[in-house]
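Source file: coords_17.tsv; contents: TSV, C-alpha atoms and all ligand atoms.
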```tsv
chain	number	residue	atom	x	y	z
A	143	MET	CA	10.42	-23.48	1.83
A	144	GLU	CA	7.08	-23.63	3.64
A	145	LYS	CA	8.90	-24.92	6.73
A	146	ILE	CA	11.18	-21.86	6.60
A	147	LEU	CA	8.11	-19.59	6.40
A	148	GLU	CA	6.43	-21.36	9.32
A	149	ASP	CA	9.56	-21.07	11.47
A	150	ILE	CA	9.80	-17.36	10.63
A	151	ILE	CA	6.20	-16.88	11.79
A	152	VAL	CA	6.92	-18.67	15.10
A	153	SER	CA	10.03	-16.61	15.80
A	154	ASN	CA	8.26	-13.29	15.16
A	155	GLU	CA	4.91	-14.00	16.80
A	156	HIS	CA	5.93	-12.29	20.05
A	157	LEU	CA	6.15	-8.95	18.21
A	158	LYS	CA	2.35	-8.79	18.09
A	159	ASN	CA	2.60	-7.48	21.64
A	160	ARG	CA	4.50	-4.44	20.40
A	161	GLY	CA	2.11	-1.80	19.17
A	162	SER	CA	-1.61	-1.56	18.59
A	163	LEU	CA	-4.35	-1.98	16.01
A	164	ALA	CA	-5.22	0.97	13.72
A	165	ASP	CA	-8.20	1.91	15.86
A	166	TYR	CA	-8.37	5.46	14.46
A	167	ILE	CA	-10.50	3.62	11.89
A	168	PRO	CA	-12.94	1.97	14.38
A	169	ALA	CA	-13.60	-1.14	12.24
A	170	LEU	CA	-9.83	-1.84	12.11
A	171	GLY	CA	-9.72	-1.75	15.91
A	172	ARG	CA	-11.99	-4.81	15.94
A	173	VAL	CA	-9.87	-7.23	13.87
A	174	ASP	CA	-8.24	-10.35	15.40
A	175	PRO	CA	-4.72	-9.28	16.48
A	176	ASN	CA	-3.44	-12.88	16.41
A	177	LYS	CA	-3.57	-13.60	12.69
A	178	ILE	CA	-0.23	-13.88	10.92
A	179	GLY	CA	0.25	-14.97	7.32
A	180	ILE	CA	2.87	-15.06	4.56
A	181	SER	CA	2.72	-15.84	0.82
A	182	LEU	CA	5.47	-15.83	-1.78
A	183	ALA	CA	4.87	-16.02	-5.53
A	184	ASP	CA	7.92	-16.34	-7.75
A	185	ILE	CA	8.50	-15.62	-11.41
A	186	ASP	CA	8.62	-19.36	-12.25
A	187	GLY	CA	5.06	-19.81	-11.04
A	188	ASN	CA	5.88	-21.32	-7.63
A	189	ILE	CA	3.72	-20.32	-4.68
A	190	TYR	CA	4.64	-20.82	-1.02
A	191	ARG	CA	2.32	-20.06	1.89
A	192	ALA	CA	2.26	-20.29	5.66
A	193	GLY	CA	0.12	-19.41	8.68
A	194	ASP	CA	-3.09	-17.46	8.12
A	195	TRP	CA	-2.08	-16.76	4.52
A	196	ASP	CA	-5.71	-16.78	3.35
A	197	HIS	CA	-7.09	-14.52	6.09
A	198	LYS	CA	-8.71	-11.43	4.55
A	199	PHE	CA	-7.84	-7.88	5.54
A	200	THR	CA	-8.17	-4.44	3.98
A	201	ILE	CA	-5.40	-3.29	1.69
A	202	GLN	CA	-5.35	0.34	2.98
A	203	SER	CA	-2.23	2.24	1.89
A	204	ILE	CA	-0.97	-0.56	-0.31
A	205	SER	CA	-3.68	0.65	-2.70
A	206	LYS	CA	-1.57	3.77	-3.23
A	207	VAL	CA	0.88	1.76	-5.31
A	208	LEU	CA	-1.79	0.64	-7.76
A	209	SER	CA	-3.47	4.05	-7.94
A	210	LEU	CA	-0.12	5.53	-8.87
A	211	MET	CA	0.25	3.00	-11.68
A	212	LEU	CA	-3.27	3.62	-12.97
A	213	ALA	CA	-2.82	7.40	-12.82
A	214	ILE	CA	0.37	7.12	-14.90
A	215	MET	CA	-1.26	4.75	-17.39
A	216	ASP	CA	-4.09	7.29	-17.80
A	217	ASN	CA	-2.12	10.54	-17.84
A	218	GLY	CA	1.53	9.77	-18.56
A	219	GLU	CA	4.45	10.13	-16.19
A	220	GLU	CA	5.05	13.81	-16.76
A	221	ASN	CA	1.49	14.90	-16.04
A	222	VAL	CA	1.32	12.86	-12.84
A	223	PHE	CA	4.61	14.15	-11.45
A	224	LYS	CA	3.58	17.72	-12.19
A	225	ARG	CA	1.03	17.16	-9.42
A	226	VAL	CA	2.86	14.92	-6.96
A	227	ASP	CA	6.57	14.72	-6.18
A	228	TYR	CA	8.63	11.59	-5.48
A	229	GLU	CA	10.70	12.72	-2.55
A	230	ALA	CA	10.84	10.76	0.70
A	231	THR	CA	9.50	12.63	3.72
A	232	GLU	CA	10.11	12.37	7.42
A	233	GLU	CA	6.48	13.29	8.08
A	234	PRO	CA	3.90	10.60	8.92
A	235	PHE	CA	1.54	9.11	6.32
A	236	ASN	CA	-1.38	11.42	7.13
A	237	THR	CA	0.58	14.65	7.40
A	238	MET	CA	-0.78	17.96	6.20
A	239	PHE	CA	2.29	19.80	7.43
A	240	LYS	CA	3.82	21.93	4.63
A	241	LEU	CA	0.77	21.49	2.37
A	242	ASP	CA	-0.14	25.13	2.99
A	243	PHE	CA	3.38	26.52	2.76
A	244	PRO	CA	3.46	29.01	-0.14
A	245	GLN	CA	6.50	27.24	-1.61
A	246	THR	CA	4.78	23.84	-1.57
A	247	LEU	CA	3.23	23.16	-4.96
A	248	LYS	CA	2.50	19.44	-4.66
A	249	PRO	CA	2.52	16.67	-2.02
A	250	ALA	CA	5.89	15.06	-1.25
A	251	ASN	CA	5.16	11.64	-2.74
A	252	PRO	CA	2.30	9.32	-3.80
A	253	MET	CA	2.71	7.05	-0.72
A	254	ILE	CA	1.48	9.61	1.83
A	255	ASN	CA	-2.26	10.21	1.97
A	256	ALA	CA	-2.06	13.66	0.34
A	257	GLY	CA	-0.12	12.29	-2.64
A	258	ALA	CA	-2.40	9.27	-2.94
A	259	ILE	CA	-5.52	11.46	-2.96
A	260	VAL	CA	-3.90	13.31	-5.89
A	261	THR	CA	-3.19	10.10	-7.84
A	262	THR	CA	-6.70	8.78	-7.17
A	263	SER	CA	-8.11	12.08	-8.44
A	264	LEU	CA	-6.16	11.60	-11.69
A	265	ILE	CA	-7.58	8.15	-12.49
A	266	LYS	CA	-9.92	8.53	-15.45
A	267	GLY	CA	-13.42	7.21	-16.03
A	268	GLU	CA	-16.98	7.82	-14.90
A	269	ASP	CA	-16.68	5.01	-12.39
A	270	LYS	CA	-13.10	5.28	-11.15
A	271	PHE	CA	-13.61	2.72	-8.41
A	272	ALA	CA	-14.89	0.09	-10.86
A	273	ARG	CA	-11.70	0.57	-12.88
A	274	ILE	CA	-9.54	0.29	-9.77
A	275	LEU	CA	-11.25	-2.90	-8.61
A	276	ASP	CA	-11.03	-4.36	-12.09
A	277	PHE	CA	-7.29	-3.64	-12.19
A	278	TYR	CA	-6.80	-5.38	-8.80
A	279	ARG	CA	-8.79	-8.40	-9.94
A	280	LYS	CA	-6.77	-8.66	-13.13
A	281	ILE	CA	-3.31	-8.45	-11.59
A	282	SER	CA	-4.08	-10.64	-8.57
A	283	GLY	CA	-5.91	-13.17	-10.74
A	284	ASN	CA	-8.67	-13.13	-8.11
A	285	LYS	CA	-11.97	-12.14	-9.71
A	286	ASP	CA	-13.76	-12.24	-6.35
A	287	LEU	CA	-11.88	-9.30	-4.84
A	288	ASP	CA	-14.24	-6.70	-3.42
A	289	TYR	CA	-14.26	-3.98	-0.81
A	290	ASN	CA	-15.29	-4.36	2.82
A	291	ARG	CA	-18.42	-2.25	3.37
A	292	GLU	CA	-17.97	-2.04	7.14
A	293	VAL	CA	-14.41	-0.70	6.91
A	294	TYR	CA	-15.39	1.69	4.12
A	295	VAL	CA	-18.27	3.17	6.13
A	296	SER	CA	-16.13	3.33	9.26
A	297	GLU	CA	-13.32	5.16	7.48
A	298	LYS	CA	-15.69	7.49	5.68
A	299	LYS	CA	-17.36	8.44	8.97
A	300	THR	CA	-14.09	9.15	10.73
A	301	GLY	CA	-11.94	10.39	7.83
A	302	ASP	CA	-11.82	14.04	8.83
A	303	LYS	CA	-8.06	14.30	8.54
A	304	ASN	CA	-8.20	13.05	4.96
A	305	ARG	CA	-11.08	15.42	4.30
A	306	SER	CA	-9.00	18.33	5.62
A	307	ILE	CA	-6.05	17.31	3.45
A	308	ALA	CA	-8.21	16.98	0.34
A	309	TYR	CA	-10.09	20.26	0.81
A	310	LEU	CA	-6.86	22.12	1.46
A	311	MET	CA	-5.39	20.64	-1.71
A	312	LYS	CA	-8.50	21.66	-3.67
A	313	ALA	CA	-8.25	25.21	-2.31
A	314	ARG	CA	-4.58	25.32	-3.31
A	315	GLY	CA	-5.29	23.97	-6.80
A	316	PHE	CA	-3.43	20.66	-6.26
A	317	ILE	CA	-6.52	18.63	-7.14
A	318	GLU	CA	-9.50	19.29	-9.36
A	319	GLY	CA	-13.05	18.01	-9.23
A	320	ASP	CA	-15.52	17.07	-6.54
A	321	VAL	CA	-13.56	16.48	-3.32
A	322	ASP	CA	-16.17	14.23	-1.70
A	323	ARG	CA	-16.35	12.03	-4.78
A	324	ILE	CA	-12.57	11.71	-4.92
A	325	LEU	CA	-12.46	10.82	-1.22
A	326	ASP	CA	-15.22	8.30	-1.65
A	327	VAL	CA	-13.09	6.47	-4.22
A	328	TYR	CA	-10.04	6.78	-1.95
A	329	PHE	CA	-11.90	5.33	1.06
A	330	LYS	CA	-13.26	2.49	-1.07
A	331	GLN	CA	-9.88	1.64	-2.60
A	332	CYS	CA	-8.38	1.48	0.92
A	333	SER	CA	-11.18	-0.93	1.95
A	334	ILE	CA	-10.51	-3.52	-0.76
A	335	GLU	CA	-10.11	-6.89	0.94
A	336	VAL	CA	-7.17	-9.13	0.07
A	337	ASN	CA	-5.22	-12.02	1.55
A	338	THR	CA	-1.44	-12.44	1.54
A	339	LEU	CA	-1.53	-14.46	-1.69
A	340	ASP	CA	-3.34	-11.60	-3.47
A	341	LEU	CA	-0.59	-9.28	-2.22
A	342	ALA	CA	2.17	-11.65	-3.31
A	343	LYS	CA	0.65	-11.72	-6.79
A	344	ILE	CA	0.41	-7.92	-6.87
A	345	GLY	CA	4.09	-7.82	-5.86
A	346	LEU	CA	4.90	-10.35	-8.58
A	347	PHE	CA	3.02	-8.30	-11.18
A	348	ILE	CA	5.23	-5.30	-10.34
A	349	ALA	CA	8.33	-7.56	-10.34
A	350	ASP	CA	7.56	-9.09	-13.74
A	351	ARG	CA	9.37	-7.03	-16.37
A	352	SER	CA	8.56	-9.20	-19.37
A	353	ASP	CA	6.06	-6.68	-20.80
A	354	LEU	CA	8.08	-3.84	-22.31
A	355	ASN	CA	5.06	-1.51	-22.33
A	356	THR	CA	4.77	-1.42	-18.55
A	357	ASN	CA	8.45	-1.67	-17.59
A	358	GLN	CA	9.01	2.03	-17.04
A	359	ILE	CA	5.91	2.39	-14.82
A	360	LYS	CA	6.94	-0.65	-12.79
A	361	LYS	CA	10.50	0.60	-12.46
A	362	LEU	CA	9.49	3.98	-11.11
A	363	THR	CA	6.77	2.52	-8.87
A	364	THR	CA	9.34	0.14	-7.36
A	365	ALA	CA	11.75	3.02	-6.77
A	366	ILE	CA	9.03	5.03	-5.00
A	367	MET	CA	8.12	1.99	-2.88
A	368	ALA	CA	11.80	1.63	-1.93
A	369	SER	CA	12.15	5.29	-0.96
A	370	SER	CA	8.72	5.99	0.60
A	371	GLY	CA	6.72	2.76	0.90
A	372	MET	CA	7.22	2.20	4.64
A	373	TYR	CA	6.21	5.72	5.66
A	374	ASN	CA	8.82	7.68	7.59
A	375	PHE	CA	10.60	4.41	8.41
A	376	SER	CA	11.58	3.82	4.77
A	377	GLY	CA	15.27	4.63	5.26
A	378	LYS	CA	15.76	2.20	8.14
A	379	TYR	CA	13.68	-0.41	6.33
A	380	ALA	CA	15.90	-0.06	3.24
A	381	VAL	CA	18.95	-0.71	5.40
A	382	GLU	CA	17.47	-3.55	7.45
A	383	VAL	CA	15.38	-5.31	4.77
A	384	GLY	CA	16.31	-3.77	1.44
A	385	VAL	CA	13.29	-5.03	-0.48
A	386	PRO	CA	10.99	-2.43	-2.10
A	387	SER	CA	7.79	-2.70	-0.06
A	388	LYS	CA	4.56	-0.92	0.80
A	389	SER	CA	2.66	-1.31	4.02
A	390	GLY	CA	-0.90	-0.42	4.96
A	391	VAL	CA	-2.52	0.30	8.32
A	392	GLY	CA	-4.66	-2.82	7.77
A	393	GLY	CA	-1.49	-4.76	8.68
A	394	GLY	CA	-0.43	-5.88	5.21
A	395	ILE	CA	2.95	-5.51	3.54
A	396	VAL	CA	3.54	-6.12	-0.16
A	397	ALA	CA	7.10	-6.55	-1.34
A	398	THR	CA	8.44	-6.79	-4.86
A	399	LEU	CA	11.78	-8.15	-6.03
A	400	PRO	CA	12.33	-7.19	-9.67
A	401	ASN	CA	12.40	-10.21	-12.00
A	402	LYS	CA	12.17	-12.58	-9.03
A	403	MET	CA	9.12	-12.60	-6.79
A	404	GLY	CA	6.30	-10.93	-4.94
A	405	ILE	CA	5.73	-11.31	-1.20
A	406	GLY	CA	2.61	-10.69	0.89
A	407	VAL	CA	2.73	-10.55	4.69
A	408	TYR	CA	-0.02	-9.88	7.22
A	409	SER	CA	-0.29	-9.15	10.93
A	410	PRO	CA	-2.48	-6.25	12.08
A	411	VAL	CA	-0.62	-4.90	15.13
A	412	LEU	CA	1.18	-1.73	14.05
A	413	ASP	CA	4.29	-0.01	15.30
A	414	GLU	CA	4.58	3.74	15.86
A	415	TYR	CA	5.09	4.38	12.11
A	416	GLY	CA	1.96	2.47	11.07
A	417	ASN	CA	3.88	-0.59	9.81
A	418	SER	CA	3.02	-4.12	10.91
A	419	SER	CA	5.30	-4.97	13.86
A	420	VAL	CA	5.35	-8.70	13.12
A	421	GLY	CA	5.45	-7.97	9.38
A	422	PHE	CA	8.67	-6.01	9.72
A	423	GLY	CA	10.22	-8.82	11.77
A	424	ILE	CA	9.12	-11.36	9.16
A	425	MET	CA	10.57	-9.30	6.31
A	426	LYS	CA	13.90	-9.01	8.16
A	427	ASP	CA	14.06	-12.78	8.67
A	428	LEU	CA	12.98	-13.52	5.09
A	429	GLU	CA	15.79	-11.29	3.89
A	430	LYS	CA	18.29	-13.15	6.08
A	431	SER	CA	17.10	-16.63	5.09
A	432	LEU	CA	16.70	-16.00	1.36
A	433	THR	CA	19.25	-13.16	0.84
A	434	LEU	CA	16.69	-10.80	-0.65
A	435	SER	CA	18.12	-7.29	-0.28
A	436	ILE	CA	18.49	-5.57	-3.64
A	437	TYR	CA	21.30	-3.36	-2.34
B	1	LIG	N1	-7.12	4.48	4.73
B	1	LIG	C1	-6.00	4.90	5.51
B	1	LIG	C2	-6.04	6.39	5.73
B	1	LIG	O1	-6.23	7.09	4.80
B	1	LIG	C3	-4.78	4.49	4.81
B	1	LIG	C4	-3.57	4.81	5.59
B	1	LIG	C5	-2.53	3.79	5.53
B	1	LIG	O2	-2.73	2.60	5.34
B	1	LIG	O3	-1.40	4.23	5.76
B	1	LIG	O4	-5.87	6.88	6.81
```

As structure tokens, how would this structure be written, given the file I've shared?
Amino acid sequence: MEKILEDIIVSNEHLKNRGSLADYIPALGRVDPNKIGISLADIDGNIYRAGDWDHKFTIQSISKVLSLMLAIMDNGEENVFKRVDYEATEEPFNTMFKLDFPQTLKPANPMINAGAIVTTSLIKGEDKFARILDFYRKISGNKDLDYNREVYVSEKKTGDKNRSIAYLMKARGFIEGDVDRILDVYFKQCSIEVNTLDLAKIGLFIADRSDLNTNQIKKLTTAIMASSGMYNFSGKYAVEVGVPSKSGVGGGIVATLPNKMGIGVYSPVLDEYGNSSVGFGIMKDLEKSLTLSIY
């Protein structure tokens, strides 16, 4: 299996020339564009790794998946989806288009920034970030996970678009509470550092349906990943890969195959949608080699 993964890396390496780093967050513009890694963790406890699988990067939008789960655990499904919809959108991840339309009453889905700021705002506790980090450590089995201070500060300094989105949502009554505090948690959660094995284990946690108490949350989270996880490329990704996934502008992709496995992929050069160029190629080849599509 590891040979298959290595070959897939070699045949997709050239795609790192297609696209650019997420330099709208200056610290992300300084990462090494040549790192490529893959990890797979299956339900029987097997782990397969290749390339720079242990290279650390920030989780970015992949955090939106876990914030959604925590928000539902804290508030129940109904209360969360009163505040954020689960419809796919053709708008990019950081859109604020339509947020001020009178007929808009909530963001389109929890995978765009607006929706994720809502779910983060709904996580309970005095120290929301401590709860988030604790949750990540538990499900990845990596107690050393932490956030990257440099990326956090860089994003906080330059996060005016997210600030605009959050303040508009506060003004429209979509979120409650102190906007700057909510954003601080959001910026920190995006800056949590992981490697591909951590992502594979997060994917496996969502794939593992042996705990009846969390099945419904995992089922709906997987459905939202499948419909909106790859930004406004989710439709094409469903056709070409067909594995519920979530990408982040740090270059990571987490994929989850119900009852089977979790996959983590990394390469930081992004295509026009904000998805890892090499990562998409790797996912397509993994699907072909291992027949992964759920459709
Ligand atoms: N921290 C990033 C932002 O809010 C996350 C975006 C992403 O990964 O899509 O702009």

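Minimum distance to Lys248 (chain A) across A:Ile317, A:Asn284, A:Gly267, A:Glu297 (counting all atoms listed in the file) occurs at A:Ile317.
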
From CA of Lys360 (chain A) to CA of Ile348 (chain A) the spacing works out at 5.5 Å

Ligand LIG 1 (chain B) neighbours within 6 Å using only C-alpha atoms and all ligand atoms, as JSON, numbers by chain: {"A": [202, 203, 235, 255, 332, 390, 391]}

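From CA of Leu264 (chain A) back to CA of Ile214 (chain A), the distance works out to 8.5 Å.
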
Can you build me a table of region 326-417 of chain A residues sitting at most 12 Å from region 425-428 of chain A, with the closest atom pair per residue and its distance in Å to one decimal, using all atoms listed in the file, sorted by chain and residue number, as a tab-separated table?
```
residue	atom	partner	partner_atom	distance
A:Lys378	CA	A:Lys426	CA	11.4
A:Tyr379	CA	A:Lys426	CA	8.8
A:Ala380	CA	A:Lys426	CA	10.4
A:Val381	CA	A:Lys426	CA	10.1
A:Glu382	CA	A:Lys426	CA	6.6
A:Val383	CA	A:Lys426	CA	5.2
A:Gly384	CA	A:Lys426	CA	8.9
A:Val385	CA	A:Met425	CA	8.5
A:Pro386	CA	A:Met425	CA	10.9
A:Ser387	CA	A:Met425	CA	9.6
A:Lys388	CA	A:Met425	CA	11.7
A:Ser389	CA	A:Met425	CA	11.5
A:Gly394	CA	A:Met425	CA	11.6
A:Ile395	CA	A:Met425	CA	8.9
A:Val396	CA	A:Met425	CA	10.1
A:Ala397	CA	A:Met425	CA	8.8
A:Thr398	CA	A:Met425	CA	11.6
A:Ile405	CA	A:Met425	CA	9.2
A:Gly406	CA	A:Met425	CA	9.7
A:Val407	CA	A:Met425	CA	8.1
A:Tyr408	CA	A:Met425	CA	10.6
A:Ser409	CA	A:Met425	CA	11.8
A:Asn417	CA	A:Met425	CA	11.5
```

Residues of the last selection are to be written out with C-alpha atoms, as a compact mmCIF listing (two decimals), in the coordinates of the input.
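Output file again-v9.txt is given in full below:
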```
# COMPACT_ATOMS: atom_id res chain seq x y z
CA LYS A 378 15.76 2.20 8.14
CA TYR A 379 13.68 -0.41 6.33
CA ALA A 380 15.90 -0.06 3.24
CA VAL A 381 18.95 -0.71 5.40
CA GLU A 382 17.47 -3.55 7.45
CA VAL A 383 15.38 -5.31 4.77
CA GLY A 384 16.31 -3.77 1.44
CA VAL A 385 13.29 -5.03 -0.48
CA PRO A 386 10.99 -2.43 -2.10
CA SER A 387 7.79 -2.70 -0.06
CA LYS A 388 4.56 -0.92 0.80
CA SER A 389 2.66 -1.31 4.02
CA GLY A 394 -0.43 -5.88 5.21
CA ILE A 395 2.95 -5.51 3.54
CA VAL A 396 3.54 -6.12 -0.16
CA ALA A 397 7.10 -6.55 -1.34
CA THR A 398 8.44 -6.79 -4.86
CA ILE A 405 5.73 -11.31 -1.20
CA GLY A 406 2.61 -10.69 0.89
CA VAL A 407 2.73 -10.55 4.69
CA TYR A 408 -0.02 -9.88 7.22
CA SER A 409 -0.29 -9.15 10.93
CA ASN A 417 3.88 -0.59 9.81
```

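Of the residues under consideration (A:Ile307, A:Leu170, A:Arg314, A:Ile259), A:Arg314 shows the shortest atom-to-atom contact distance to Leu247 (chain A) when counting all atoms listed in the file.
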
Can you measure CA of Leu147 (chain A) to CA of Ile436 (chain A) for me? One decimal in Å is fine. 20.1 Å

Find the residues near Asp196 (chain A): any atom within 7 Å, counting all atoms listed in the file, skip ones fewer than 6 places away on the same chain, and give them as a list in words. Asn337, Thr338 and Leu339 of chain A

Generate a file of the selected residues that holds C-alpha atoms, formatted as a PDB file, in the frame of the given file.
```pdb
ATOM      1  CA  ASN A 337      -5.220 -12.020   1.550  1.00  0.00           C
ATOM      2  CA  THR A 338      -1.440 -12.440   1.540  1.00  0.00           C
ATOM      3  CA  LEU A 339      -1.530 -14.460  -1.690  1.00  0.00           C
TER       4      LEU A 339
END
```

Residue with smallest distance to Ser352 (chain A) - pool A:Ile146, A:Pro400, A:Arg225, A:Met238, counting all atoms listed in the file: A:Pro400

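Using only C-alpha atoms, the shortest contact distance between Leu362 (chain A) and any of A:Ile281, A:Ala272, A:Phe223, A:Thr262 is found at A:Phe223.
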
Within 10 Å of Tyr294 (chain A), counting only C-alpha atoms, which residues qualify if same-chain residues fewer than 2 places away don't, as a PyMOL selection string? chain A and resi 167+169+200+289-292+296-299+326-334

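Here the question is which of A:Met372, A:Ile424, A:Met253, A:Leu212 gets nearest to Phe271 (chain A) using only C-alpha atoms, and that residue is A:Leu212.
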
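Using all atoms listed in the file, the protein and nucleic acid residues lying no more than 12 Å from Lys402 (chain A), apart from those fewer than 3 places from it along its own chain, are Leu182, Ala183, Asp184, Ile185, Asp186, Gly187, Asn188, Ala342, Lys343, Gly345, Leu346, Phe347, Ile348, Ala349, Asp350, Arg351, Ser352, Val385, Ala397, Thr398, Leu399, Ile405, Leu432, Leu434, Ser435 and Ile436 of chain A.
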
Written selection (C-alpha atoms) as a PDB file, keeping the file's coordinate frame:
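And here's result-v8.pdb as it stands now:
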```
ATOM      1  CA  LEU A 182       5.470 -15.830  -1.780  1.00  0.00           C
ATOM      2  CA  ALA A 183       4.870 -16.020  -5.530  1.00  0.00           C
ATOM      3  CA  ASP A 184       7.920 -16.340  -7.750  1.00  0.00           C
ATOM      4  CA  ILE A 185       8.500 -15.620 -11.410  1.00  0.00           C
ATOM      5  CA  ASP A 186       8.620 -19.360 -12.250  1.00  0.00           C
ATOM      6  CA  GLY A 187       5.060 -19.810 -11.040  1.00  0.00           C
ATOM      7  CA  ASN A 188       5.880 -21.320  -7.630  1.00  0.00           C
ATOM      8  CA  ALA A 342       2.170 -11.650  -3.310  1.00  0.00           C
ATOM      9  CA  LYS A 343       0.650 -11.720  -6.790  1.00  0.00           C
ATOM     10  CA  GLY A 345       4.090  -7.820  -5.860  1.00  0.00           C
ATOM     11  CA  LEU A 346       4.900 -10.350  -8.580  1.00  0.00           C
ATOM     12  CA  PHE A 347       3.020  -8.300 -11.180  1.00  0.00           C
ATOM     13  CA  ILE A 348       5.230  -5.300 -10.340  1.00  0.00           C
ATOM     14  CA  ALA A 349       8.330  -7.560 -10.340  1.00  0.00           C
ATOM     15  CA  ASP A 350       7.560  -9.090 -13.740  1.00  0.00           C
ATOM     16  CA  ARG A 351       9.370  -7.030 -16.370  1.00  0.00           C
ATOM     17  CA  SER A 352       8.560  -9.200 -19.370  1.00  0.00           C
ATOM     18  CA  VAL A 385      13.290  -5.030  -0.480  1.00  0.00           C
ATOM     19  CA  ALA A 397       7.100  -6.550  -1.340  1.00  0.00           C
ATOM     20  CA  THR A 398       8.440  -6.790  -4.860  1.00  0.00           C
ATOM     21  CA  LEU A 399      11.780  -8.150  -6.030  1.00  0.00           C
ATOM     22  CA  ILE A 405       5.730 -11.310  -1.200  1.00  0.00           C
ATOM     23  CA  LEU A 432      16.700 -16.000   1.360  1.00  0.00           C
ATOM     24  CA  LEU A 434      16.690 -10.800  -0.650  1.00  0.00           C
ATOM     25  CA  SER A 435      18.120  -7.290  -0.280  1.00  0.00           C
ATOM     26  CA  ILE A 436      18.490  -5.570  -3.640  1.00  0.00           C
TER      27      ILE A 436
END
```
